[in-house]
>>> print(open('query14.cif').read())   # mmCIF, C-alpha atoms
data_structure
loop_
_atom_site.label_atom_id
_atom_site.label_comp_id
_atom_site.auth_asym_id
_atom_site.auth_seq_id
_atom_site.Cartn_x
_atom_site.Cartn_y
_atom_site.Cartn_z
CA MET A 1 0.00 0.00 0.00
CA ILE A 2 1.19 3.50 -0.87
CA THR A 3 0.01 6.59 1.01
CA TYR A 4 0.73 10.12 -0.14
CA ILE A 5 -0.34 13.48 1.28
CA SER A 6 -1.05 16.15 -1.32
CA HIS A 7 -1.29 19.80 -0.29
CA ASN A 8 -2.87 21.13 -3.48
CA GLN A 9 -4.16 20.16 -6.92
CA ASP A 10 -0.75 20.54 -8.55
CA GLU A 11 0.78 18.04 -6.12
CA THR A 12 -2.09 15.61 -6.77
CA LYS A 13 -1.43 15.84 -10.51
CA LEU A 14 2.34 15.39 -10.05
CA PHE A 15 1.77 12.32 -7.88
CA ALA A 16 -0.54 10.87 -10.56
CA GLU A 17 2.08 11.57 -13.26
CA GLU A 18 4.70 9.61 -11.31
CA LEU A 19 2.38 6.81 -10.20
CA ILE A 20 1.14 5.94 -13.69
CA LYS A 21 4.72 5.00 -14.62
CA LYS A 22 4.45 2.13 -12.11
CA ILE A 23 1.05 0.87 -13.25
CA PRO A 24 1.01 -1.85 -15.94
CA LEU A 25 -0.62 -1.00 -19.26
CA GLY A 26 -4.14 -2.40 -19.47
CA SER A 27 -4.83 -1.88 -15.76
CA VAL A 28 -8.20 -0.96 -14.32
CA ILE A 29 -8.01 1.66 -11.61
CA ALA A 30 -10.98 2.15 -9.28
CA LEU A 31 -11.06 5.73 -7.96
CA THR A 32 -12.93 6.29 -4.73
CA GLY A 33 -13.47 9.37 -2.59
CA ASP A 34 -16.14 11.90 -1.76
CA LEU A 35 -17.51 14.43 -4.22
CA GLY A 36 -14.84 17.05 -4.85
CA ALA A 37 -12.04 14.96 -3.35
CA GLY A 38 -9.89 15.22 -6.47
CA LYS A 39 -10.59 12.11 -8.53
CA THR A 40 -10.79 13.97 -11.83
CA THR A 41 -7.78 16.09 -10.85
CA PHE A 42 -5.86 12.84 -10.41
CA VAL A 43 -6.91 11.64 -13.88
CA GLN A 44 -5.79 14.99 -15.34
CA GLY A 45 -2.30 14.26 -14.02
CA VAL A 46 -2.36 10.83 -15.62
CA ALA A 47 -3.47 12.32 -18.93
CA LYS A 48 -0.58 14.77 -18.87
CA ALA A 49 1.89 11.94 -18.25
CA LEU A 50 0.42 10.02 -21.20
CA GLY A 51 0.82 13.03 -23.49
CA ILE A 52 -2.90 13.56 -23.92
CA LYS A 53 -3.54 17.12 -25.06
CA ASP A 54 -7.36 17.11 -24.74
CA LYS A 55 -8.88 18.84 -21.74
CA VAL A 56 -9.81 16.17 -19.20
CA ALA A 57 -13.08 16.92 -17.41
CA SER A 58 -15.36 14.83 -15.25
CA PRO A 59 -17.42 12.41 -17.35
CA THR A 60 -20.33 12.58 -14.89
CA PHE A 61 -22.94 13.50 -17.51
CA ASN A 62 -21.33 11.48 -20.30
CA ILE A 63 -20.65 8.36 -18.18
CA MET A 64 -17.46 7.74 -20.17
CA LYS A 65 -14.85 9.76 -22.01
CA LEU A 66 -12.20 8.30 -24.29
CA TYR A 67 -8.87 9.95 -24.83
CA LEU A 68 -7.27 8.01 -27.66
CA GLY A 69 -3.58 8.05 -28.43
CA GLU A 70 -0.53 5.85 -28.48
CA ILE A 71 -1.57 5.01 -24.92
CA SER A 72 -5.29 5.57 -24.43
CA LEU A 73 -7.13 6.74 -21.35
CA ILE A 74 -10.65 5.60 -20.62
CA HIS A 75 -12.35 7.64 -17.89
CA ILE A 76 -15.64 6.31 -16.55
CA ASP A 77 -17.86 7.96 -13.94
CA ALA A 78 -20.39 5.44 -12.68
CA TYR A 79 -22.09 7.84 -10.25
CA ARG A 80 -25.26 8.09 -12.33
CA LEU A 81 -25.45 4.31 -12.81
CA GLU A 82 -26.62 3.47 -9.29
CA ASN A 83 -29.72 1.26 -9.48
CA MET A 84 -29.61 1.17 -13.28
CA ASP A 85 -29.06 -1.53 -15.87
CA HIS A 86 -25.30 -1.72 -16.43
CA ASN A 87 -25.58 -3.56 -19.73
CA ILE A 88 -24.66 -0.46 -21.75
CA GLY A 89 -21.39 -1.61 -23.30
CA LEU A 90 -18.94 -0.35 -20.68
CA ASP A 91 -17.49 -3.85 -20.33
CA GLU A 92 -16.03 -3.49 -23.84
CA TYR A 93 -13.78 -0.68 -22.64
CA ILE A 94 -12.82 -1.81 -19.14
CA GLY A 95 -9.31 -3.21 -19.18
CA TYR A 96 -8.42 -1.98 -22.67
CA GLU A 97 -4.98 -3.49 -23.28
CA LYS A 98 -3.52 -0.42 -25.00
CA GLY A 99 -4.40 2.00 -22.26
CA TYR A 100 -5.68 2.57 -18.76
CA THR A 101 -9.23 2.50 -17.46
CA PHE A 102 -10.04 4.82 -14.56
CA ILE A 103 -13.44 4.30 -12.94
CA GLU A 104 -14.88 6.85 -10.53
CA TRP A 105 -17.60 5.54 -8.21
CA PRO A 106 -16.83 1.86 -8.95
CA MET A 107 -19.16 0.70 -6.19
CA TYR A 108 -22.09 1.41 -8.53
CA ILE A 109 -20.90 -1.12 -11.13
CA PRO A 110 -19.27 -3.86 -9.02
CA GLU A 111 -19.97 -6.61 -11.54
CA LEU A 112 -17.86 -4.76 -14.14
CA ILE A 113 -14.78 -4.31 -11.94
CA PRO A 114 -12.26 -7.10 -12.55
CA GLU A 115 -10.97 -9.01 -9.55
CA LYS A 116 -7.44 -7.81 -10.35
CA HIS A 117 -7.58 -4.03 -10.22
CA ILE A 118 -5.88 -1.13 -8.47
CA GLU A 119 -7.78 0.97 -5.98
CA ILE A 120 -6.96 4.61 -5.37
CA ASN A 121 -8.82 6.40 -2.60
CA ILE A 122 -8.61 10.17 -2.29
CA ARG A 123 -9.72 11.63 1.03
CA ASN A 124 -10.12 15.30 1.88
CA ILE A 125 -8.22 15.89 5.13
CA GLY A 126 -8.85 19.62 5.38
CA GLU A 127 -8.40 22.71 3.24
CA ASP A 128 -6.61 21.66 0.01
CA ASN A 129 -4.93 18.64 1.63
CA ARG A 130 -5.69 15.15 0.37
CA GLU A 131 -4.63 11.71 1.54
CA ILE A 132 -4.17 9.43 -1.47
CA THR A 133 -4.01 5.70 -0.77
CA VAL A 134 -3.07 3.18 -3.45
CA LYS A 135 -3.82 -0.54 -3.04
CA GLY A 136 -3.24 -3.47 -5.39
CA LEU A 137 -0.15 -2.19 -7.16
#
>>> encode(input="query14.cif", output="structure tokens")
Amino acid sequence: MITYISHNQDETKLFAEELIKKIPLGSVIALTGDLGAGKTTFVQGVAKALGIKDKVASPTFNIMKLYLGEISLIHIDAYRLENMDHNIGLDEYIGYEKGYTFIEWPMYIPELIPEKHIEINIRNIGEDNREITVKGL
């Protein structure tokens, strides 16, 4: 388990940029944390490390955003899928071998989360400070 304390959004992004170098290609990363904890900020850092030029925003209203490139980034927000039919094709993208799949609110689609996955929890510990815990790496 890895634990990191971030003091601002820039530090969260820098941590994400460094961490993605240690995560195997094709991995599924479950992102947990309260609303506004910094899950999308973390994914923005990953995107920068992967050389993705597109603006990375929360996919809350889209459910999923694809950032295609030499190494692709799949960003899923399952928040709106609570108590809904999950047979909407997400399983075709989860674990894409030429990229990374980040899933915010994975507890709403448990049947789609592979047994072997990485969990990153981001917890607001006051002001701009965040505790980031990484399990399964």
>>> resolve_selection(input="query14.cif", expression="the PyMOL selection byres ((chain A and resi 40) around 10)", output="PyMOL selection string")
chain A and resi 13+31+36-39+41-46+56-59+75+77+102+104
>>> closest_residue(input="query14.cif", among="A:Lys65, A:Gln9, A:Leu14, A:Thr101", to="Gly26 (chain A)", atoms="all atoms listed in the file")
A:Thr101
>>> residues_around(input="query14.cif", residues="Leu66 (chain A)", least_positions_apart="3", cutoff="9 Å", atoms="all atoms listed in the file", output="PyMOL selection string")
chain A and resi 72-76
>>> residues_near_point(input="query14.cif", point="(0.4, 9.5, -30.2)", cutoff="12 Å", atoms="all atoms listed in the file", output="list in words")
Leu50, Gly51, Ile52, Lys53, Tyr67, Leu68, Gly69, Glu70, Ile71, Ser72, Leu73, Lys98 and Gly99 of chain A
>>> closest_residue(input="query14.cif", among="A:Thr32, A:Ser27, A:Asn124, A:Asn129", to="Ser6 (chain A)", atoms="only C-alpha atoms")
A:Asn129
>>> closest_residue(input="query14.cif", among="A:Ala16, A:Ile63, A:Leu35, A:Leu25", to="Ile120 (chain A)", atoms="all atoms listed in the file")
A:Ala16
>>> closest_residue(input="query14.cif", among="A:Asp128, A:Ala49, A:Val134, A:Ala30", to="Glu115 (chain A)", atoms="all atoms listed in the file")
A:Ala30
